[in-house]
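Below is start.cif, holding mmCIF, C-alpha atoms.
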```cif
data_upload
loop_
_atom_site.label_atom_id
_atom_site.label_comp_id
_atom_site.auth_asym_id
_atom_site.auth_seq_id
_atom_site.Cartn_x
_atom_site.Cartn_y
_atom_site.Cartn_z
CA MET A 1 110.13 114.77 97.06
CA GLU A 2 112.05 111.60 96.29
CA ASN A 3 111.18 108.56 98.38
CA PRO A 4 114.15 108.14 100.78
CA TYR A 5 113.33 104.49 101.43
CA LEU A 6 113.93 103.53 97.80
CA ILE A 7 117.69 104.13 97.86
CA PRO A 8 119.35 100.70 97.73
CA GLN A 9 122.21 101.81 99.99
CA ARG A 10 119.71 103.01 102.60
CA VAL A 11 117.84 99.68 102.41
CA ARG A 12 121.06 97.73 103.00
CA ALA A 13 122.12 100.06 105.82
CA ALA A 14 118.74 99.70 107.54
CA LEU A 15 118.92 95.92 107.33
CA ARG A 16 122.43 95.97 108.82
CA ALA A 17 121.33 98.29 111.61
CA LEU A 18 118.48 95.95 112.47
CA ASP A 19 120.76 92.92 112.16
CA LEU A 20 118.12 91.60 109.80
CA ARG A 21 118.88 89.14 107.07
CA PRO A 22 115.96 88.85 104.65
CA THR A 23 114.64 85.31 104.76
CA ARG A 24 112.99 83.29 102.02
CA GLY A 25 110.58 81.83 104.57
CA MET A 26 109.15 85.26 105.40
CA GLY A 27 109.35 86.42 101.78
CA GLN A 28 111.35 89.51 102.66
CA ASN A 29 112.20 91.00 99.28
CA PHE A 30 112.36 94.79 99.56
CA LEU A 31 111.31 96.92 96.59
CA ILE A 32 113.99 99.34 95.34
CA ASP A 33 112.58 100.28 91.92
CA PRO A 34 110.91 103.74 91.74
CA LEU A 35 109.11 102.94 88.49
CA ALA A 36 107.49 99.84 89.97
CA LEU A 37 106.54 101.73 93.10
CA ASP A 38 104.94 104.51 91.06
CA ALA A 39 102.99 101.92 89.05
CA ILE A 40 101.61 100.40 92.26
CA VAL A 41 100.49 103.78 93.57
CA GLN A 42 98.89 104.73 90.25
CA ALA A 43 97.08 101.38 90.03
CA ALA A 44 95.64 101.92 93.51
CA GLU A 45 93.94 105.15 92.36
CA LEU A 46 94.61 106.75 95.74
CA THR A 47 92.81 109.89 96.92
CA PRO A 48 93.04 111.99 100.09
CA ASP A 49 89.83 110.33 101.29
CA ASP A 50 91.16 106.77 101.14
CA LEU A 51 91.64 104.32 103.99
CA VAL A 52 94.41 101.87 103.07
CA VAL A 53 95.56 98.61 104.64
CA GLU A 54 99.14 97.57 103.89
CA VAL A 55 100.37 94.04 104.61
CA GLY A 56 104.08 93.54 105.24
CA PRO A 57 105.30 97.16 105.08
CA GLY A 58 108.86 96.10 105.82
CA LEU A 59 111.19 99.11 105.68
CA GLY A 60 108.40 101.50 104.68
CA VAL A 61 109.16 101.88 100.96
CA LEU A 62 105.52 101.66 99.91
CA THR A 63 104.28 103.03 103.23
CA TRP A 64 105.98 106.36 102.55
CA GLU A 65 104.03 106.75 99.30
CA LEU A 66 100.73 105.67 100.85
CA VAL A 67 100.81 108.09 103.78
CA ARG A 68 101.62 110.98 101.41
CA VAL A 69 98.26 110.57 99.67
CA ALA A 70 95.79 108.52 101.73
CA HIS A 71 93.73 109.82 104.62
CA GLN A 72 94.76 106.90 106.86
CA VAL A 73 97.03 103.86 106.48
CA VAL A 74 96.96 100.75 108.65
CA ALA A 75 100.14 98.68 108.29
CA VAL A 76 100.27 95.07 109.52
CA GLU A 77 103.83 93.83 110.09
CA LEU A 78 104.81 90.43 111.50
CA ASP A 79 108.47 91.21 112.26
CA ARG A 80 108.81 93.01 115.61
CA ARG A 81 112.02 94.80 114.60
CA LEU A 82 110.49 96.18 111.42
CA ALA A 83 107.31 97.22 113.24
CA ALA A 84 109.36 99.09 115.85
CA ARG A 85 111.38 100.81 113.12
CA LEU A 86 108.21 101.96 111.38
CA HIS A 87 107.10 103.68 114.59
CA GLU A 88 110.42 105.56 114.62
CA GLU A 89 110.39 106.42 110.91
CA PHE A 90 106.78 107.71 110.74
CA PRO A 91 106.12 109.39 114.10
CA THR A 92 103.62 111.96 112.79
CA ALA A 93 102.20 110.29 109.67
CA PRO A 94 98.55 109.19 109.40
CA LEU A 95 99.76 105.65 110.06
CA ARG A 96 98.57 102.98 112.47
CA ILE A 97 101.02 100.08 112.87
CA ILE A 98 99.86 96.65 114.00
CA GLN A 99 102.53 94.10 114.91
CA ALA A 100 100.71 90.84 114.22
CA ASP A 101 100.27 87.85 111.95
CA VAL A 102 97.81 89.16 109.38
CA LEU A 103 96.38 85.69 108.77
CA ARG A 104 95.40 85.48 112.44
CA THR A 105 93.92 88.98 112.49
CA PRO A 106 90.44 89.45 110.97
CA PRO A 107 89.92 92.50 108.74
CA ALA A 108 87.46 93.92 111.27
CA THR A 109 90.15 93.75 113.98
CA ILE A 110 92.69 95.41 111.68
CA LEU A 111 90.32 98.29 110.97
CA ASP A 112 89.16 98.52 114.61
CA ASP A 113 87.30 101.84 114.86
CA LEU A 114 88.02 102.87 111.27
CA VAL A 115 85.05 102.78 108.91
CA PRO A 116 85.22 101.15 105.44
CA PRO A 117 85.40 101.31 102.47
CA TYR A 118 89.11 100.62 102.28
CA LYS A 119 91.79 99.50 99.83
CA LEU A 120 94.42 96.79 100.30
CA VAL A 121 97.81 97.77 98.84
CA ALA A 122 100.88 95.64 99.49
CA ASN A 123 104.09 94.00 98.36
CA LEU A 124 102.99 90.54 99.49
CA PRO A 125 105.44 87.88 100.63
CA TYR A 126 105.29 85.14 97.99
CA ALA A 127 104.67 82.36 100.50
CA ILE A 128 101.42 83.83 101.81
CA THR A 129 99.96 85.45 98.70
CA ALA A 130 96.99 83.11 98.26
CA PRO A 131 96.13 82.89 101.98
CA VAL A 132 96.25 86.69 102.35
CA LEU A 133 94.01 87.25 99.34
CA ARG A 134 91.47 84.72 100.61
CA HIS A 135 91.71 86.20 104.12
CA PHE A 136 90.59 89.61 102.88
CA LEU A 137 88.24 88.56 100.07
CA GLU A 138 86.33 86.13 102.28
CA GLY A 139 86.55 88.28 105.42
CA GLN A 140 84.38 91.11 106.61
CA PRO A 141 84.64 93.86 105.74
CA ALA A 142 86.33 93.13 102.41
CA PRO A 143 88.34 95.73 100.48
CA ASP A 144 86.84 97.52 97.49
CA LEU A 145 90.15 97.46 95.64
CA ILE A 146 93.28 95.33 95.99
CA VAL A 147 96.62 96.21 94.40
CA VAL A 148 99.46 93.85 95.25
CA LEU A 149 102.88 92.78 94.07
CA VAL A 150 102.84 89.02 93.60
CA GLN A 151 104.87 86.37 91.84
CA TRP A 152 104.35 86.60 88.07
CA GLU A 153 103.16 83.01 87.72
CA VAL A 154 100.64 83.49 90.53
CA ALA A 155 99.25 86.60 88.82
CA GLU A 156 98.85 84.62 85.61
CA ARG A 157 97.03 81.85 87.46
CA ILE A 158 94.67 84.33 89.11
CA CYS A 159 93.83 86.01 85.79
CA ALA A 160 93.53 82.74 83.83
CA GLN A 161 90.69 81.97 81.46
CA PRO A 162 88.79 78.69 80.96
CA GLY A 163 91.20 76.01 79.85
CA ASP A 164 93.80 77.00 82.42
CA LEU A 165 91.73 77.73 85.51
CA SER A 166 92.54 76.71 89.09
CA VAL A 167 90.94 76.81 92.52
CA LEU A 168 92.87 80.03 93.21
CA ALA A 169 91.57 81.68 90.03
CA HIS A 170 87.99 80.84 90.97
CA ALA A 171 88.53 81.95 94.59
CA VAL A 172 89.60 85.40 93.38
CA GLN A 173 87.37 85.77 90.34
CA ILE A 174 84.15 85.00 92.22
CA TYR A 175 84.72 88.20 94.25
CA THR A 176 86.76 90.44 91.93
CA GLU A 177 87.78 91.26 88.40
CA PRO A 178 91.57 90.76 88.37
CA GLU A 179 94.01 92.27 85.90
CA ILE A 180 97.79 92.38 85.54
CA ILE A 181 98.97 96.00 85.44
CA ALA A 182 102.70 95.51 84.88
CA ARG A 183 105.56 93.05 85.05
CA VAL A 184 108.24 93.83 87.65
CA PRO A 185 111.68 92.25 87.10
CA ALA A 186 113.46 90.43 89.90
CA SER A 187 116.17 93.10 89.82
CA SER A 188 113.64 95.56 91.29
CA PHE A 189 114.06 93.94 94.72
CA HIS A 190 116.71 93.49 97.38
CA PRO A 191 117.54 90.71 97.61
CA ALA A 192 116.45 89.75 94.11
CA PRO A 193 114.02 86.80 94.10
CA ALA A 194 114.38 83.94 91.65
CA VAL A 195 111.42 85.07 89.51
CA ASP A 196 109.74 88.22 88.24
CA SER A 197 106.72 89.76 89.93
CA ALA A 198 103.51 91.37 88.73
CA ILE A 199 101.42 94.30 89.88
CA LEU A 200 97.98 92.76 90.18
CA ARG A 201 94.82 94.81 90.60
CA MET A 202 91.55 93.26 91.76
CA ARG A 203 88.42 95.38 91.68
CA ARG A 204 85.61 94.01 93.81
CA ARG A 205 82.43 93.03 91.98
CA PRO A 206 79.17 94.65 93.13
CA GLN A 207 77.88 91.11 93.60
CA LEU A 208 79.33 87.60 93.35
CA ALA A 209 80.21 86.42 89.86
CA VAL A 210 77.71 83.57 90.35
CA ALA A 211 74.58 83.44 92.47
CA VAL A 212 74.99 80.70 95.08
CA ASP A 213 73.60 80.37 98.59
CA ASP A 214 76.82 79.05 100.13
CA VAL A 215 80.23 80.02 98.71
CA ALA A 216 82.10 77.64 101.03
CA ALA A 217 79.95 74.71 99.88
CA LEU A 218 80.51 75.67 96.23
CA PHE A 219 84.26 75.63 96.77
CA ARG A 220 84.14 72.21 98.39
CA ILE A 221 82.76 70.98 95.06
CA ILE A 222 85.37 72.90 93.05
CA LYS A 223 88.23 71.61 95.22
CA ALA A 224 86.90 68.07 94.87
CA GLY A 225 87.01 68.42 91.09
CA PHE A 226 90.61 69.66 91.20
CA LEU A 227 91.98 66.96 93.51
CA GLN A 228 92.87 64.91 90.43
CA PRO A 229 93.06 67.62 87.73
CA ARG A 230 94.48 65.36 85.02
CA LYS A 231 91.51 63.04 85.16
CA GLN A 232 88.29 63.55 83.28
CA LEU A 233 85.63 65.18 85.44
CA GLY A 234 83.37 62.14 85.32
CA ASN A 235 86.05 60.23 87.22
CA ALA A 236 87.77 63.05 89.11
CA LEU A 237 84.70 64.58 90.75
CA PRO A 238 83.29 61.37 92.34
CA GLY A 239 86.76 60.52 93.65
CA GLY A 240 87.29 64.05 94.94
CA LEU A 241 83.93 64.13 96.67
CA ALA A 242 84.70 60.80 98.34
CA ALA A 243 88.07 62.15 99.51
CA ILE A 244 86.44 65.11 101.26
CA GLY A 245 83.74 63.02 102.86
CA GLY A 246 80.91 63.83 100.46
CA GLY A 247 81.04 60.77 98.27
CA MET A 248 78.26 59.74 95.94
CA PRO A 249 78.03 57.10 93.21
CA ARG A 250 79.78 57.87 89.94
CA ASP A 251 76.61 57.34 87.94
CA VAL A 252 74.84 60.01 90.00
CA VAL A 253 77.64 62.52 89.41
CA VAL A 254 77.80 61.75 85.69
CA ALA A 255 74.02 62.12 85.43
CA VAL A 256 74.26 65.55 87.08
CA LEU A 257 76.99 66.59 84.63
CA HIS A 258 74.81 65.58 81.69
CA GLN A 259 71.83 67.33 83.29
CA VAL A 260 73.66 70.69 83.37
CA GLY A 261 75.16 70.25 79.91
CA ILE A 262 78.75 69.41 80.87
CA ASP A 263 80.64 66.65 79.09
CA PRO A 264 82.01 64.23 81.74
CA MET A 265 85.16 63.89 79.60
CA ARG A 266 86.15 67.50 80.26
CA ARG A 267 88.79 68.37 82.86
CA ALA A 268 88.39 70.66 85.84
CA GLU A 269 90.52 73.51 84.48
CA THR A 270 88.12 73.97 81.52
CA LEU A 271 85.04 74.70 83.63
CA THR A 272 83.83 78.24 84.27
CA LEU A 273 82.53 79.47 87.60
CA ALA A 274 79.02 79.42 86.18
CA GLU A 275 79.41 75.74 85.28
CA TRP A 276 80.71 74.87 88.75
CA ALA A 277 77.74 76.74 90.23
CA ALA A 278 75.36 74.73 88.04
CA ILE A 279 76.97 71.47 89.25
CA TYR A 280 76.74 72.60 92.87
CA GLN A 281 73.08 73.48 92.55
CA ALA A 282 72.22 70.21 90.76
CA LEU A 283 74.11 67.81 93.03
CA PRO A 284 72.05 66.20 95.82
CA HIS A 285 72.67 68.03 99.11
#
```
As a first step, turn the structure in this file into structure tokens.
Amino acid sequence: MENPYLIPQRVRAALRALDLRPTRGMGQNFLIDPLALDAIVQAAELTPDDLVVEVGPGLGVLTWELVRVAHQVVAVELDRRLAARLHEEFPTAPLRIIQADVLRTPPATILDDLVPPYKLVANLPYAITAPVLRHFLEGQPAPDLIVVLVQWEVAERICAQPGDLSVLAHAVQIYTEPEIIARVPASSFHPAPAVDSAILRMRRRPQLAVAVDDVAALFRIIKAGFLQPRKQLGNALPGGLAAIGGGMPRDVVVAVLHQVGIDPMRRAETLTLAEWAAIYQALPH
């Protein structure tokens, strides 16, 4: 059966009925491309046993596909009007709707009495992509699989290799193995955003990519190194550590870099997670 929520005319009519004008601030770009939708569902590898969390279900375009296959779907929607409409549109579906700010709602609260494992599948608002990913990856319980529509450039940053790495790439890659599944043109949405999107899949690692005793402390070091990304690490890292209240003499930092085999003339974006972990473990605590 064809997804009724994909018809562009129906999307526009629903928005008019709700007196809802999609806003850039809330990232309300509604998917109207059946090929992109099918690619998302295929990438999520859904089965009748799956528990799925959807963030920002909007008009229910993706929701309709999820409830057809999954055992249970939990949809978290910020907009009260959209949440109320979802209750009306899916009265008998295996769907639990939570009207809330997802970033203020821990994963354990979202799941409530439902038992993991679960998958996160969503067309994420551009403005909250990174915070939402961190919210679920760092939260408990974390999803086994994440499939999301995100801005193309953000997907590239997340999947980057040494030489073009960022704090966001490390924050995702320490927990998951990310891959871009497909490019989705701006014309696949209503209203069309200014840029293309990507279907991004992140499969959770059985263990962290690097063995550290404190992930938050590791990322304080990484963030310090990226505060001045155009500077050489021998200068950037001491300055960054001082800026976050963990300052130490430059000669100490440079000595640590030499100790772990890292040239102080390198820049932050060239370092791997393993190299950041080595710096973290060697720096005086």
Ground truth for the PyMOL selection byres ((chain A and resi 180) around 10), written as an MDAnalysis selection string: chainID A and resid 147:149 152 155:156 158:159 178:179 181:183 198:202
Distance in Å - atom CA of Leu227 of chain A versus atom CA of Glu275 of chain A: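 Taking atom CA of Leu227 of chain A and atom CA of Glu275 of chain A, their separation equals 17.4 Å.
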Hits from the PyMOL selection byres ((chain A and resi 101-106) around 12), listed as a ChimeraX atom specification: /A:26,53-57,74-80,83,97-100,107-112,124-125,128-142
Neighbour list for Tyr118 of chain A as a ChimeraX atom specification, cut-off 9 Å, only C-alpha atoms, skip fewer than 3 positions in-chain: /A:50-53,115,141-145
Explicit residue set for the PyMOL selection byres ((chain A and resi 192-194) around 10), as a list in words: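 When the PyMOL selection byres ((chain A and resi 192-194) around 10) is applied to the shown file, the picked residues are Arg24, Gly27, Gln28, Asn29, Phe30, Leu31, Ile32, Tyr126, Gln151, Pro185, Ala186, Ser187, Ser188, Phe189, His190, Pro191, Val195, Asp196 and Ser197 of chain A.
Checking A:Gly163, A:Gly234, A:Pro117, A:Gly240 one by one against Val256 of chain A, counting all atoms listed in the file, you find the shortest gap at A:Gly234.
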Distance of atom CA of Val167 of chain A from atom CA of Ile221 of chain A, expressed in Å to one decimal place: 10.4 Å
Exercise: Gly60 of chain A partners within 12 Å, only C-alpha atoms, chain neighbours under 2 positions left out, as number ranges by chain: A: 3-7, 10-11, 14, 30-32, 37, 54-58, 62-67, 73, 75-77, 82-90, 93, 95, 97, 122-123
Pick from A:Gln72, A:Ala127, A:Pro238, A:Glu269 nearest to Arg157 of chain A, counting all atoms listed in the file: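 Of A:Gln72, A:Ala127, A:Pro238, A:Glu269, the one nearest Arg157 of chain A, counting all atoms listed in the file, is A:Glu269.
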d(atom CA of Ala209 of chain A, atom CA of Tyr175 of chain A) in Å: 6.5 Å
Counting all atoms listed in the file, the option among A:Val69, A:Ile174, A:Val121, A:Ile244 closest to Gln207 of chain A: A:Ile174
Distance query His285 of chain A at most 12 Å, only C-alpha atoms, self and fewer than 4 positions along chain excluded, as a count of residues only: 10
Write out as JSON an axis-aligned box for segment 131-149 of chain A: all of its atoms listed in the file, 8 Å added on each side, centre and edge lengths in Å with one decimal.
```
{"center_x": 93.6, "center_y": 90.2, "center_z": 100.3, "size_x": 34.5, "size_y": 30.6, "size_z": 28.5}
```
Counting all atoms listed in the file, the residue of A:Ala268, A:Leu168, A:Val215, A:Val150 that sits nearest Gln228 of chain A: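 For Gln228 of chain A, the nearest of the given residues is A:Ala268.
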Given all atoms listed in the file as the counted atoms, nearest of A:Ala70, A:Leu271, A:Ala243, A:Ala36 to Gln161 of chain A: A:Leu271
Nearest to Asp251 of chain A by atom-to-atom distance, counting all atoms listed in the file, from A:Ala17, A:Ile222, A:Leu35, A:Leu237: A:Leu237
